[in-house]
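The structure under discussion appears below in the form of structure tokens.
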Amino acid sequence: MTAQKFLPGRLDVRAFATAGASIHGELPVAQLSRLSLSLHTQATDQPPPAVTWSATGEARKRQVGGPEPWIHLQASVVAPLTCQRCLQRADEPLDVDRWFRFVGSEELAAELDEQSDDDVLVESRVFDLLALIEDELLLTMPMVPMHDQCPAAPRHAQASVAHLDADPVAPKRQPFAALAALKTGRLPKEEGDD
């Protein structure tokens, strides 16, 4: 008997779990369009990152009915994101290590998802494991990527410093001077008033 070949883009979930099979691979981030949109776009001499992933199936016994398919998914990549403080590249490790329980219908998946902490998905004979990998990596991505310590001053801070350096003798504007003058009954003179 020959071993069944399981394809990650068209995975028969039940057969994969029943066989206790494992598959793994490396996937260029460029093939994950939604994840690619979130990456830092400045040109770099570093090669584009690749996602390393593996999946293992398991058929777990239930009290009622036949065994239930589960898949253990692991995936990782060091994603070049854009630091929101300095706008430079910030390499962020994204890691997934989760079990997924598969059931027969959307209704049952929704019901079980509310009742338990398990990640519940609908069983399929053509399940797209690569789309699940991309979904899970997107969920692990930080909302606001930032360096712990930026390698350079933030660009907006550099612009502010440049603006202040442009006219060092300009008088500082004091926004509450007019309010203080109203309390004392004297209005401050505006520039150009004599």
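Ligands are numbered from 1 in the order shown, chains are lettered A, B, ... in the order of the structure tokens, and residues start at 1 in each chain.
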
Which residues, written as an NGL selection string, have at least one atom at most 10 Å from Gly57 of chain A, with only C-alpha atoms counted and residues fewer than 2 positions away on the same chain left out? :A and (13-23 or 55 or 59-60 or 69-73 or 99-100)

Show which residues sit within 6 Å of Glu123 of chain A, as a PDB file with all heavy atoms, in the first residue's frame. Count only C-alpha atoms, and ignore same-chain residues fewer than 4 positions away.
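Final file, out.pdb:
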ATOM      1  N   PHE A 102     -11.783  19.977  14.089  1.00  0.00           N
ATOM      2  CA  PHE A 102     -12.612  20.061  12.889  1.00  0.00           C
ATOM      3  C   PHE A 102     -13.941  19.350  13.112  1.00  0.00           C
ATOM      4  O   PHE A 102     -13.982  18.234  13.647  1.00  0.00           O
ATOM      5  CB  PHE A 102     -11.882  19.461  11.695  1.00  0.00           C
ATOM      6  CG  PHE A 102     -10.760  20.335  11.209  1.00  0.00           C
ATOM      7  CD1 PHE A 102      -9.514  20.273  11.809  1.00  0.00           C
ATOM      8  CD2 PHE A 102     -10.964  21.240  10.186  1.00  0.00           C
ATOM      9  CE1 PHE A 102      -8.480  21.101  11.378  1.00  0.00           C
ATOM     10  CE2 PHE A 102      -9.941  22.067   9.755  1.00  0.00           C
ATOM     11  CZ  PHE A 102      -8.692  21.997  10.352  1.00  0.00           C
ATOM     12  N   VAL A 103     -15.030  20.026  12.716  1.00  0.00           N
ATOM     13  CA  VAL A 103     -16.384  19.474  12.862  1.00  0.00           C
ATOM     14  C   VAL A 103     -17.098  19.538  11.517  1.00  0.00           C
ATOM     15  O   VAL A 103     -16.608  20.153  10.571  1.00  0.00           O
ATOM     16  CB  VAL A 103     -17.187  20.234  13.948  1.00  0.00           C
ATOM     17  CG1 VAL A 103     -16.543  20.050  15.323  1.00  0.00           C
ATOM     18  CG2 VAL A 103     -17.324  21.703  13.607  1.00  0.00           C
ATOM     19  N   GLY A 104     -18.297  18.922  11.463  1.00  0.00           N
ATOM     20  CA  GLY A 104     -19.002  18.729  10.204  1.00  0.00           C
ATOM     21  C   GLY A 104     -19.755  19.905   9.620  1.00  0.00           C
ATOM     22  O   GLY A 104     -20.092  19.873   8.443  1.00  0.00           O
TER      23      GLY A 104
END

Residue list (alpha helix (DSSP H), DSSP) for segment 43-115 of chain A, as an mmCIF file with N, CA, C and O atoms, in the first residue's frame:
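Saved result, result_5.cif, follows:
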data_model
loop_
_atom_site.group_PDB
_atom_site.id
_atom_site.type_symbol
_atom_site.label_atom_id
_atom_site.label_comp_id
_atom_site.auth_asym_id
_atom_site.auth_seq_id
_atom_site.Cartn_x
_atom_site.Cartn_y
_atom_site.Cartn_z
ATOM 1 N N GLU A 106 -20.890 24.457 9.755
ATOM 2 C CA GLU A 106 -20.671 25.829 10.244
ATOM 3 C C GLU A 106 -21.418 26.064 11.554
ATOM 4 O O GLU A 106 -20.906 26.706 12.468
ATOM 5 N N GLU A 107 -22.654 25.565 11.625
ATOM 6 C CA GLU A 107 -23.480 25.776 12.818
ATOM 7 C C GLU A 107 -22.821 25.151 14.044
ATOM 8 O O GLU A 107 -22.734 25.774 15.104
ATOM 9 N N LEU A 108 -22.376 23.915 13.901
ATOM 10 C CA LEU A 108 -21.722 23.232 15.016
ATOM 11 C C LEU A 108 -20.411 23.923 15.378
ATOM 12 O O LEU A 108 -20.085 24.082 16.558
ATOM 13 N N ALA A 109 -19.671 24.366 14.383
ATOM 14 C CA ALA A 109 -18.406 25.072 14.641
ATOM 15 C C ALA A 109 -18.664 26.346 15.437
ATOM 16 O O ALA A 109 -17.962 26.641 16.407
ATOM 17 N N ALA A 110 -19.687 27.116 15.059
ATOM 18 C CA ALA A 110 -20.017 28.358 15.766
ATOM 19 C C ALA A 110 -20.450 28.072 17.200
ATOM 20 O O ALA A 110 -20.050 28.768 18.134
ATOM 21 N N GLU A 111 -21.265 27.032 17.377
ATOM 22 C CA GLU A 111 -21.747 26.665 18.712
ATOM 23 C C GLU A 111 -20.594 26.230 19.618
ATOM 24 O O GLU A 111 -20.468 26.692 20.751
ATOM 25 N N LEU A 112 -19.732 25.352 19.112
ATOM 26 C CA LEU A 112 -18.615 24.862 19.911
ATOM 27 C C LEU A 112 -17.574 25.946 20.170
ATOM 28 O O LEU A 112 -16.926 25.953 21.215
ATOM 29 N N ASP A 113 -17.422 26.852 19.215
ATOM 30 C CA ASP A 113 -16.458 27.940 19.370
ATOM 31 C C ASP A 113 -16.839 28.827 20.552
ATOM 32 O O ASP A 113 -15.977 29.330 21.267
ATOM 33 N N GLU A 114 -18.144 29.025 20.761
ATOM 34 C CA GLU A 114 -18.620 29.840 21.885
ATOM 35 C C GLU A 114 -18.510 29.099 23.208
ATOM 36 O O GLU A 114 -18.318 29.705 24.254
ATOM 37 N N GLN A 115 -18.637 27.772 23.179
ATOM 38 C CA GLN A 115 -18.679 26.979 24.402
ATOM 39 C C GLN A 115 -17.306 26.568 24.929
ATOM 40 O O GLN A 115 -17.173 26.243 26.103
#

To one decimal place, how far is atom CA of Arg10 of chain A from atom CA of Leu130 of chain A in Å?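 Taking atom CA of Arg10 of chain A as the start and atom CA of Leu130 of chain A as the end point, the length is 9.1 Å.
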
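Considering only C-alpha atoms, the residue among A:Leu11, A:Ala90, A:Met146, A:Ala75 positioned nearest to Ala50 of chain A is A:Ala75.
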
Write out as a ChimeraX atom specification each polymer residue whose atoms come within 12 Å of segment 82-84 of chain A, counting only C-alpha atoms; drop sequence neighbours fewer than 6 positions from it. /A:37-42,90-92,141-156

Applying 12 Å and only C-alpha atoms, which residues near Glu136 of chain A remain after dropping the ones on its own chain fewer than 6 positions away? List them as a PyMOL selection string. chain A and resi 32+34-35+51+53+73-77+94-100+119+129-130

Please run DSSP on the backbone and report, as a list in words, all residues within segment 18-61 of chain A that come out as strand (DSSP E).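 Assigned to strand (DSSP E), within segment 18-61 of chain A: Ser22, Ile23, His24, Gly25, Glu26, Leu27, Pro28, Ala50, Val51, Thr52, Trp53, Ser54, Ala55, Thr56, Gly57, Glu58, Ala59 and Arg60 of chain A.
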
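Here the question is which of A:Val120, A:Leu7, A:Val78, A:Val64 gets nearest to Val29 of chain A using only C-alpha atoms, and that residue is A:Val78.
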
Between A:Arg89, A:Gln174, A:Asp118, A:Ser36, which has the minimum distance to Glu134 of chain A (counting only C-alpha atoms)?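 Checking each candidate against Glu134 of chain A, we get A:Ser36 as the closest.
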